>>> print(open('work05.pdb').read())   # PDB, C-alpha atoms
ATOM      1  CA  MET D  65     -37.100-184.769-183.683
ATOM      2  CA  ALA D  66     -38.928-183.345-186.687
ATOM      3  CA  LEU D  67     -37.414-179.911-186.060
ATOM      4  CA  THR D  68     -33.941-181.401-185.679
ATOM      5  CA  GLY D  69     -34.331-183.294-188.926
ATOM      6  CA  TYR D  70     -35.522-180.171-190.732
ATOM      7  CA  VAL D  71     -32.568-178.149-189.453
ATOM      8  CA  GLY D  72     -30.181-180.905-190.461
ATOM      9  CA  ARG D  73     -31.607-181.086-193.975
ATOM     10  CA  LYS D  74     -31.398-177.299-194.390
ATOM     11  CA  ALA D  75     -27.817-177.232-193.107
ATOM     12  CA  GLY D  76     -26.879-180.010-195.495
ATOM     13  CA  SER D  77     -28.530-178.175-198.369
ATOM     14  CA  VAL D  78     -26.648-174.956-197.568
ATOM     15  CA  LEU D  79     -23.329-176.788-197.323
ATOM     16  CA  GLY D  80     -24.037-178.499-200.627
ATOM     17  CA  GLN D  81     -24.723-175.149-202.308
ATOM     18  CA  VAL D  82     -21.525-173.685-200.855
ATOM     19  CA  GLY D  83     -19.610-176.664-202.216
ATOM     20  CA  GLU D  84     -21.141-176.225-205.675
ATOM     21  CA  LEU D  85     -20.240-172.532-205.613
ATOM     22  CA  PHE D  86     -16.616-173.317-204.798
ATOM     23  CA  VAL D  87     -16.523-175.948-207.552
ATOM     24  CA  ILE D  88     -17.726-173.411-210.130
ATOM     25  CA  VAL D  89     -15.241-170.773-208.904
ATOM     26  CA  LEU D  90     -12.288-173.166-208.963
ATOM     27  CA  GLU D  91     -13.294-174.529-212.353
ATOM     28  CA  GLY D  92     -13.572-170.971-213.642
ATOM     29  CA  LEU D  93     -10.063-170.197-212.406
ATOM     30  CA  ARG D  94      -8.531-173.450-213.662
ATOM     31  CA  ARG D  95      -8.278-172.340-217.301
ATOM     32  CA  THR D  96      -7.795-168.633-216.664
ATOM     33  CA  TRP D  97      -4.450-168.778-218.445
ATOM     34  CA  ASP D  98      -6.217-169.619-221.736
ATOM     35  CA  ILE D  99      -7.116-165.986-222.392
ATOM     36  CA  ARG D 100      -7.857-166.494-226.089
ATOM     37  CA  THR D 101     -11.041-168.413-225.306
ATOM     38  CA  TRP D 102     -12.606-165.694-223.164
ATOM     39  CA  TRP D 103     -10.853-162.399-224.042
ATOM     40  CA  TRP D 104     -13.601-160.902-226.211
ATOM     41  CA  GLU D 105     -16.327-161.916-223.790
ATOM     42  CA  PHE D 106     -14.256-160.279-221.040
ATOM     43  CA  ILE D 107     -14.084-157.029-223.022
ATOM     44  CA  ALA D 108     -17.831-157.107-223.698
ATOM     45  CA  GLN D 109     -18.628-157.700-220.031
ATOM     46  CA  CYS D 110     -16.265-154.923-218.889
ATOM     47  CA  TRP D 111     -17.943-152.475-221.247
ATOM     48  CA  PHE D 112     -21.410-153.554-220.133
ATOM     49  CA  LEU D 113     -20.599-153.291-216.413
ATOM     50  CA  ALA D 114     -18.871-149.923-216.832
ATOM     51  CA  ARG D 115     -21.830-148.614-218.828
ATOM     52  CA  VAL D 116     -24.490-149.629-216.300
ATOM     53  CA  THR D 117     -22.581-148.654-213.136
ATOM     54  CA  SER D 118     -20.600-145.470-213.924
ATOM     55  CA  VAL D 119     -23.462-142.975-213.716
ATOM     56  CA  PRO D 120     -25.190-144.629-210.711
ATOM     57  CA  VAL D 121     -21.936-144.702-208.758
ATOM     58  CA  LEU D 122     -21.523-140.954-209.315
ATOM     59  CA  LEU D 123     -25.110-140.262-208.287
ATOM     60  CA  VAL D 124     -24.633-142.311-205.123
ATOM     61  CA  SER D 125     -21.186-140.992-204.162
ATOM     62  CA  LEU D 126     -21.852-137.255-204.503
ATOM     63  CA  PRO D 127     -24.670-137.068-201.931
ATOM     64  CA  LEU D 128     -22.937-139.668-199.788
ATOM     65  CA  GLY D 129     -19.825-137.527-199.428
ATOM     66  CA  ALA D 130     -21.987-134.478-198.726
ATOM     67  CA  THR D 131     -23.929-136.420-196.074
ATOM     68  CA  VAL D 132     -20.744-137.511-194.293
ATOM     69  CA  ALA D 133     -19.484-133.925-194.395
ATOM     70  CA  LEU D 134     -22.835-132.713-193.026
ATOM     71  CA  GLN D 135     -22.852-135.159-190.120
ATOM     72  CA  VAL D 136     -19.206-134.669-189.159
ATOM     73  CA  GLY D 137     -18.978-130.995-190.141
ATOM     74  CA  GLU D 138     -21.645-129.791-187.747
ATOM     75  CA  LEU D 139     -19.994-131.510-184.796
ATOM     76  CA  ALA D 140     -16.515-130.382-185.838
ATOM     77  CA  TRP D 141     -17.789-126.813-186.277
ATOM     78  CA  GLN D 142     -19.083-126.751-182.699
ATOM     79  CA  LEU D 143     -15.730-128.064-181.460
ATOM     80  CA  GLY D 144     -13.792-125.509-183.495
ATOM     81  CA  ALA D 145     -12.164-128.141-185.680
ATOM     82  CA  SER D 146     -14.053-127.762-188.935
ATOM     83  CA  SER D 147     -10.917-128.497-190.960
ATOM     84  CA  ALA D 148     -11.051-132.067-189.608
ATOM     85  CA  THR D 149     -14.121-132.725-191.742
ATOM     86  CA  GLY D 150     -11.914-133.452-194.731
ATOM     87  CA  SER D 151     -10.122-136.163-192.766
ATOM     88  CA  ALA D 152     -13.384-137.862-191.819
ATOM     89  CA  VAL D 153     -14.743-137.703-195.357
ATOM     90  CA  PHE D 154     -11.630-139.114-197.011
ATOM     91  CA  VAL D 155     -11.012-141.813-194.410
ATOM     92  CA  GLY D 156     -14.590-143.024-194.637
ATOM     93  CA  LEU D 157     -14.570-142.960-198.427
ATOM     94  CA  VAL D 158     -11.218-144.646-198.887
ATOM     95  CA  ARG D 159     -11.471-147.321-196.213
ATOM     96  CA  GLU D 160     -15.115-148.375-196.400
ATOM     97  CA  VAL D 161     -17.410-146.535-198.785
ATOM     98  CA  ALA D 162     -15.468-146.932-202.050
ATOM     99  CA  PRO D 163     -15.146-150.748-202.133
ATOM    100  CA  MET D 164     -18.620-151.301-200.694
ATOM    101  CA  ALA D 165     -20.359-148.910-203.093
ATOM    102  CA  SER D 166     -18.602-150.353-206.136
ATOM    103  CA  ALA D 167     -19.366-153.928-205.072
ATOM    104  CA  LEU D 168     -23.023-153.267-204.313
ATOM    105  CA  LEU D 169     -23.533-151.538-207.656
ATOM    106  CA  ILE D 170     -21.757-154.374-209.451
ATOM    107  CA  ALA D 171     -24.012-156.867-207.666
ATOM    108  CA  GLY D 172     -27.201-154.883-208.133
ATOM    109  CA  ALA D 173     -26.828-153.673-211.722
ATOM    110  CA  GLY D 174     -24.337-156.110-213.250
ATOM    111  CA  GLY D 175     -24.883-159.195-211.125
ATOM    112  CA  SER D 176     -28.613-159.301-211.749
ATOM    113  CA  ALA D 177     -27.964-159.096-215.502
ATOM    114  CA  MET D 178     -25.425-161.919-215.262
ATOM    115  CA  THR D 179     -27.838-164.138-213.353
ATOM    116  CA  SER D 180     -30.726-163.506-215.733
ATOM    117  CA  ASP D 181     -28.522-164.029-218.813
ATOM    118  CA  ILE D 182     -27.002-167.316-217.650
ATOM    119  CA  GLY D 183     -30.340-168.418-216.176
ATOM    120  CA  ALA D 184     -32.042-167.820-219.523
ATOM    121  CA  ARG D 185     -29.331-169.855-221.250
ATOM    122  CA  HIS D 186     -29.872-172.592-218.669
ATOM    123  CA  ILE D 187     -33.637-172.910-219.156
ATOM    124  CA  ARG D 188     -33.148-172.933-222.958
ATOM    125  CA  ASP D 189     -30.597-175.779-222.548
ATOM    126  CA  GLU D 190     -27.861-173.708-224.142
ATOM    127  CA  LEU D 191     -25.409-174.705-221.406
ATOM    128  CA  ALA D 192     -26.091-178.386-222.098
ATOM    129  CA  ALA D 193     -25.691-177.744-225.829
ATOM    130  CA  MET D 194     -22.289-176.155-225.197
ATOM    131  CA  GLU D 195     -21.202-179.236-223.261
ATOM    132  CA  VAL D 196     -22.359-181.467-226.142
ATOM    133  CA  MET D 197     -20.143-179.428-228.477
ATOM    134  CA  ALA D 198     -17.172-179.951-226.101
ATOM    135  CA  VAL D 199     -17.273-176.321-224.932
ATOM    136  CA  ASN D 200     -17.007-175.856-221.183
ATOM    137  CA  PRO D 201     -19.703-173.292-220.271
ATOM    138  CA  ILE D 202     -17.874-172.310-217.100
ATOM    139  CA  HIS D 203     -14.685-171.440-218.978
ATOM    140  CA  ARG D 204     -16.582-169.646-221.730
ATOM    141  CA  LEU D 205     -19.141-167.746-219.612
ATOM    142  CA  VAL D 206     -18.164-167.665-215.927
ATOM    143  CA  THR D 207     -14.422-166.967-216.192
ATOM    144  CA  PRO D 208     -14.700-163.720-218.207
ATOM    145  CA  ARG D 209     -17.540-162.463-216.010
ATOM    146  CA  MET D 210     -15.606-162.999-212.787
ATOM    147  CA  TRP D 211     -12.551-161.186-214.104
ATOM    148  CA  ALA D 212     -14.616-158.422-215.687
ATOM    149  CA  ALA D 213     -16.575-157.739-212.482
ATOM    150  CA  SER D 214     -13.427-157.604-210.355
ATOM    151  CA  THR D 215     -11.659-155.345-212.865
ATOM    152  CA  VAL D 216     -14.554-152.890-213.154
ATOM    153  CA  ALA D 217     -14.996-152.853-209.361
ATOM    154  CA  VAL D 218     -11.344-151.801-208.971
ATOM    155  CA  CYS D 219     -11.881-149.026-211.531
ATOM    156  CA  LEU D 220     -15.048-147.823-209.803
ATOM    157  CA  ALA D 221     -13.422-147.448-206.364
ATOM    158  CA  PRO D 222     -11.349-144.335-207.300
ATOM    159  CA  LEU D 223     -14.424-142.889-208.985
ATOM    160  CA  VAL D 224     -16.359-143.237-205.721
ATOM    161  CA  ILE D 225     -13.542-141.525-203.806
ATOM    162  CA  VAL D 226     -13.334-138.587-206.214
ATOM    163  CA  ALA D 227     -17.114-138.095-206.399
ATOM    164  CA  GLY D 228     -17.553-138.404-202.627
ATOM    165  CA  ALA D 229     -14.706-135.967-201.999
ATOM    166  CA  ALA D 230     -16.364-133.509-204.381
ATOM    167  CA  GLY D 231     -19.616-133.797-202.446
ATOM    168  CA  GLY D 232     -17.812-133.243-199.151
ATOM    169  CA  TYR D 233     -15.893-130.319-200.660
ATOM    170  CA  PHE D 234     -19.115-128.616-201.701
ATOM    171  CA  PHE D 235     -20.635-128.808-198.238
ATOM    172  CA  ASN D 236     -17.506-128.172-196.191
ATOM    173  CA  VAL D 237     -15.929-125.433-198.343
ATOM    174  CA  VAL D 238     -18.817-123.792-200.182
ATOM    175  CA  ILE D 239     -21.488-124.056-197.474
ATOM    176  CA  GLN D 240     -19.461-123.895-194.251
ATOM    177  CA  GLY D 241     -16.735-121.581-195.532
ATOM    178  CA  VAL D 242     -13.702-123.754-194.717
ATOM    179  CA  THR D 243     -10.711-122.926-196.899
ATOM    180  CA  PRO D 244      -9.858-125.456-199.624
ATOM    181  CA  GLY D 245      -6.323-125.790-198.268
ATOM    182  CA  ALA D 246      -7.577-126.773-194.819
ATOM    183  CA  TYR D 247     -10.051-129.247-196.332
ATOM    184  CA  PHE D 248      -7.491-131.091-198.443
ATOM    185  CA  ASP D 249      -4.770-130.884-195.793
ATOM    186  CA  GLY D 250      -7.053-132.578-193.299
ATOM    187  CA  ALA D 251      -8.166-135.057-195.949
ATOM    188  CA  LEU D 252      -4.647-136.243-196.669
ATOM    189  CA  SER D 253      -3.387-136.291-193.090
ATOM    190  CA  LEU D 254      -4.896-139.657-192.114
ATOM    191  CA  VAL D 255      -4.999-141.522-195.422
ATOM    192  CA  VAL D 256      -1.890-143.607-196.103
ATOM    193  CA  THR D 257      -0.797-145.714-199.060
ATOM    194  CA  THR D 258      -1.815-148.980-197.419
ATOM    195  CA  ASP D 259      -5.383-147.683-197.155
ATOM    196  CA  LEU D 260      -5.559-147.275-200.925
ATOM    197  CA  ILE D 261      -3.993-150.682-201.552
ATOM    198  CA  VAL D 262      -6.429-152.434-199.214
ATOM    199  CA  THR D 263      -9.339-150.526-200.757
ATOM    200  CA  LEU D 264      -8.462-151.718-204.259
ATOM    201  CA  PHE D 265      -7.961-155.249-202.940
ATOM    202  CA  LYS D 266     -11.371-155.146-201.277
ATOM    203  CA  ALA D 267     -13.003-153.900-204.459
ATOM    204  CA  TRP D 268     -11.385-156.703-206.464
ATOM    205  CA  ILE D 269     -12.508-159.379-203.999
ATOM    206  CA  PHE D 270     -16.050-157.973-203.735
ATOM    207  CA  GLY D 271     -16.470-157.772-207.511
ATOM    208  CA  PHE D 272     -15.201-161.325-207.863
ATOM    209  CA  ILE D 273     -17.676-162.535-205.232
ATOM    210  CA  ALA D 274     -20.567-160.723-206.913
ATOM    211  CA  ALA D 275     -19.844-162.311-210.301
ATOM    212  CA  ALA D 276     -19.225-165.781-208.872
ATOM    213  CA  VAL D 277     -22.477-165.835-206.900
ATOM    214  CA  SER D 278     -24.473-164.391-209.809
ATOM    215  CA  CYS D 279     -23.139-166.965-212.277
ATOM    216  CA  TYR D 280     -23.709-169.805-209.829
ATOM    217  CA  MET D 281     -27.312-168.787-209.202
ATOM    218  CA  GLY D 282     -27.949-168.530-212.923
ATOM    219  CA  MET D 283     -26.460-171.947-213.688
ATOM    220  CA  THR D 284     -28.399-173.705-210.925
ATOM    221  CA  CYS D 285     -31.766-171.927-211.120
ATOM    222  CA  ALA D 286     -35.057-173.740-211.652
ATOM    223  CA  THR D 287     -35.826-174.312-215.316
ATOM    224  CA  SER D 288     -38.648-171.772-215.571
ATOM    225  CA  PRO D 289     -38.991-167.987-215.915
ATOM    226  CA  VAL D 290     -40.044-167.835-212.263
ATOM    227  CA  GLY D 291     -36.871-169.718-211.336
ATOM    228  CA  VAL D 292     -34.747-167.114-213.105
ATOM    229  CA  GLY D 293     -36.468-164.270-211.240
ATOM    230  CA  ARG D 294     -35.976-165.998-207.905
ATOM    231  CA  ALA D 295     -32.330-166.682-208.765
ATOM    232  CA  VAL D 296     -31.755-162.974-209.472
ATOM    233  CA  ASN D 297     -33.259-162.017-206.115
ATOM    234  CA  LYS D 298     -31.333-164.706-204.269
ATOM    235  CA  ALA D 299     -28.047-163.795-205.961
ATOM    236  CA  THR D 300     -28.366-160.148-204.908
ATOM    237  CA  VAL D 301     -29.183-161.003-201.284
ATOM    238  CA  VAL D 302     -26.431-163.618-200.940
ATOM    239  CA  THR D 303     -23.869-161.310-202.539
ATOM    240  CA  PHE D 304     -24.689-158.501-200.118
ATOM    241  CA  MET D 305     -24.338-160.860-197.139
ATOM    242  CA  LEU D 306     -21.005-162.253-198.333
ATOM    243  CA  VAL D 307     -19.638-158.800-199.165
ATOM    244  CA  PHE D 308     -20.473-157.398-195.727
ATOM    245  CA  ALA D 309     -19.021-160.469-193.992
ATOM    246  CA  MET D 310     -15.829-160.389-196.068
ATOM    247  CA  ASN D 311     -15.493-156.642-195.495
ATOM    248  CA  TYR D 312     -15.549-157.191-191.736
ATOM    249  CA  VAL D 313     -12.891-159.917-191.945
ATOM    250  CA  ILE D 314     -10.542-157.910-194.177
ATOM    251  CA  THR D 315     -10.975-154.733-192.111
ATOM    252  CA  ALA D 316     -10.310-156.559-188.844
ATOM    253  CA  ILE D 317      -7.129-158.132-190.221
ATOM    254  CA  TYR D 318      -5.983-154.793-191.667
ATOM    255  CA  PHE D 319      -6.491-152.937-188.382
ATOM    256  CA  LEU D 320      -4.538-155.620-186.544
ATOM    257  CA  ALA D 321      -1.673-155.334-188.994
ATOM    258  CA  PHE D 322      -1.802-151.519-189.380
ATOM    259  CA  PRO D 323      -3.417-149.787-186.380
ATOM    260  CA  PRO D 324      -5.286-146.575-187.286
ATOM    261  CA  LYS D 325      -3.190-143.421-187.249
ATOM    262  CA  VAL D 326      -4.121-140.692-184.759
ATOM    263  CA  LEU D 327      -3.460-137.019-185.417
TER
END
>>> encode(input="work05.pdb", output="structure tokens")
Amino acid sequence: MALTGYVGRKAGSVLGQVGELFVIVLEGLRRTWDIRTWWWEFIAQCWFLARVTSVPVLLVSLPLGATVALQVGELAWQLGASSATGSAVFVGLVREVAPMASALLIAGAGGSAMTSDIGARHIRDELAAMEVMAVNPIHRLVTPRMWAASTVAVCLAPLVIVAGAAGGYFFNVVIQGVTPGAYFDGALSLVVTTDLIVTLFKAWIFGFIAAAVSCYMGMTCATSPVGVGRAVNKATVVTFMLVFAMNYVITAIYFLAFPPKVL
């Protein structure tokens, strides 16, 4: 009975937190049309996120593309189909790696900063002071961060694709000796327009999730420096779990609607 009661309390607590998260997200979207109140904060957050994620995303994508080319290239070389390496690299980058890499960097570099910033405001009672002055802290702080994270995530996805393709090009063309024409011809043979559209949609959703979870954790953290640190850790973990789960759902629906093309 004690175990059942404990499980019930934990389940109720989790459901309550999910409900609070949805309330904050919906409240943040409710006054999105009033751009004048959050435009400059949106610009500042976009610049901050772009500044802290642009170089790391390049450093991650270059070796990642080379690693995919290494793994697939060796097998394709033994089968006499080394030109197919470009197809594997581009399909992997466009369909999965680009939105996931951009979202994880947004959550790790930008999301942690969002949580610590809003958490620090929370423990200093700045959020309560904003409410006293008839300023909705969700509209002023959460709304621009959600839109900024989703916008920057969409901009980072093409950067991941280009950097990863460059890494694959170096290994497949420079190291293995495949001609550039064969590499790019194979790269473009399987990628279709819907892949790019779904990739950008994934990146937008993942960036939005990262910002929403980070802001929620900051606004509901314990009122102590330790509480802010725990909120940052919890926000990163929860964001990763939600991003991977949402990626599976979107990919499954996309493959049902558009079955993968076979050469």
>>> resolve_selection(input="work05.pdb", expression="the PyMOL selection byres ((chain D and resi 226) around 10)", output="list in words")
Leu122, Ser125, Leu126, Gly129, Phe154, Leu157, Val158, Ala162, Ala221, Pro222, Leu223, Val224, Ile225, Ala227, Gly228, Ala229, Ala230, Gly231 and Gly232 of chain D
>>> atom_distance(input="work05.pdb", atom1="atom CA of D:Ala198", atom2="atom CA of D:Arg95")
14.6 Å
>>> closest_residue(input="work05.pdb", among="D:Gly293, D:Glu195, D:Arg185, D:Asp259", to="D:Phe322", atoms="all atoms listed in the file")
D:Asp259
>>> resolve_selection(input="work05.pdb", expression="the PyMOL selection byres ((chain D and resi 306-317) around 8)", output="VMD selection string")
chain D and resid 164 167 266 270 273 302 to 305 318 to 321
>>> closest_residue(input="work05.pdb", among="D:Leu123, D:Met197, D:Ala213, D:Ile107", to="D:Ala177", atoms="only C-alpha atoms")
D:Ala213
>>> resolve_selection(input="work05.pdb", expression="the PyMOL selection byres ((chain D and resi 84) around 12)", output="MDAnalysis selection string")
chainID D and resid 77:83 85:91 276:277 279:281 283:284
>>> write_last_selection(input="work05.pdb", atoms="C-alpha atoms", output="PDB file, in the frame of the given file")
ATOM      1  CA  SER D  77     -28.530-178.175-198.369  1.00  0.00           C
ATOM      2  CA  VAL D  78     -26.648-174.956-197.568  1.00  0.00           C
ATOM      3  CA  LEU D  79     -23.329-176.788-197.323  1.00  0.00           C
ATOM      4  CA  GLY D  80     -24.037-178.499-200.627  1.00  0.00           C
ATOM      5  CA  GLN D  81     -24.723-175.149-202.308  1.00  0.00           C
ATOM      6  CA  VAL D  82     -21.525-173.685-200.855  1.00  0.00           C
ATOM      7  CA  GLY D  83     -19.610-176.664-202.216  1.00  0.00           C
ATOM      8  CA  LEU D  85     -20.240-172.532-205.613  1.00  0.00           C
ATOM      9  CA  PHE D  86     -16.616-173.317-204.798  1.00  0.00           C
ATOM     10  CA  VAL D  87     -16.523-175.948-207.552  1.00  0.00           C
ATOM     11  CA  ILE D  88     -17.726-173.411-210.130  1.00  0.00           C
ATOM     12  CA  VAL D  89     -15.241-170.773-208.904  1.00  0.00           C
ATOM     13  CA  LEU D  90     -12.288-173.166-208.963  1.00  0.00           C
ATOM     14  CA  GLU D  91     -13.294-174.529-212.353  1.00  0.00           C
ATOM     15  CA  ALA D 276     -19.225-165.781-208.872  1.00  0.00           C
ATOM     16  CA  VAL D 277     -22.477-165.835-206.900  1.00  0.00           C
ATOM     17  CA  CYS D 279     -23.139-166.965-212.277  1.00  0.00           C
ATOM     18  CA  TYR D 280     -23.709-169.805-209.829  1.00  0.00           C
ATOM     19  CA  MET D 281     -27.312-168.787-209.202  1.00  0.00           C
ATOM     20  CA  MET D 283     -26.460-171.947-213.688  1.00  0.00           C
ATOM     21  CA  THR D 284     -28.399-173.705-210.925  1.00  0.00           C
TER      22      THR D 284
END
>>> atom_distance(input="work05.pdb", atom1="atom CA of D:Thr300", atom2="atom CA of D:Phe106")
21.4 Å
>>> residues_around(input="work05.pdb", residues="D:Val255", least_positions_apart="5", cutoff="9 Å", atoms="all atoms listed in the file", output="VMD selection string")
chain D and resid 151 154 to 155 158 to 159 260 325
>>> write_last_selection(input="work05.pdb", atoms="C-alpha atoms", output="mmCIF file, in the coordinates of the input")
data_model
loop_
_atom_site.group_PDB
_atom_site.id
_atom_site.type_symbol
_atom_site.label_atom_id
_atom_site.label_comp_id
_atom_site.auth_asym_id
_atom_site.auth_seq_id
_atom_site.Cartn_x
_atom_site.Cartn_y
_atom_site.Cartn_z
ATOM 1 C CA SER D 151 -10.122 -136.163 -192.766
ATOM 2 C CA PHE D 154 -11.630 -139.114 -197.011
ATOM 3 C CA VAL D 155 -11.012 -141.813 -194.410
ATOM 4 C CA VAL D 158 -11.218 -144.646 -198.887
ATOM 5 C CA ARG D 159 -11.471 -147.321 -196.213
ATOM 6 C CA LEU D 260 -5.559 -147.275 -200.925
ATOM 7 C CA LYS D 325 -3.190 -143.421 -187.249
#
>>> atom_distance(input="work05.pdb", atom1="atom CA of D:Ile170", atom2="atom CA of D:Trp103")
19.9 Å
>>> residues_around(input="work05.pdb", residues="D:Ala173", least_positions_apart="6", cutoff="12 Å", atoms="all atoms listed in the file", output="list in words")
Phe112, Leu113, Ala114, Arg115, Val116, Thr117, Ser118, Val119, Pro120, Val121, Ala165, Ser166, Ala167, Thr179, Ser180, Ala213, Gly271, Ala274, Ala275, Ser278, Val296, Asn297, Ala299 and Thr300 of chain D
>>> residues_around(input="work05.pdb", residues="stretch 233-235 of chain D", least_positions_apart="4", cutoff="7 Å", atoms="only C-alpha atoms", output="PyMOL selection string")
chain D and resi 130+133-134+229+239-240
>>> closest_residue(input="work05.pdb", among="D:Ile182, D:Ala192, D:Leu254, D:Leu220", to="D:Val153", atoms="only C-alpha atoms")
D:Leu254
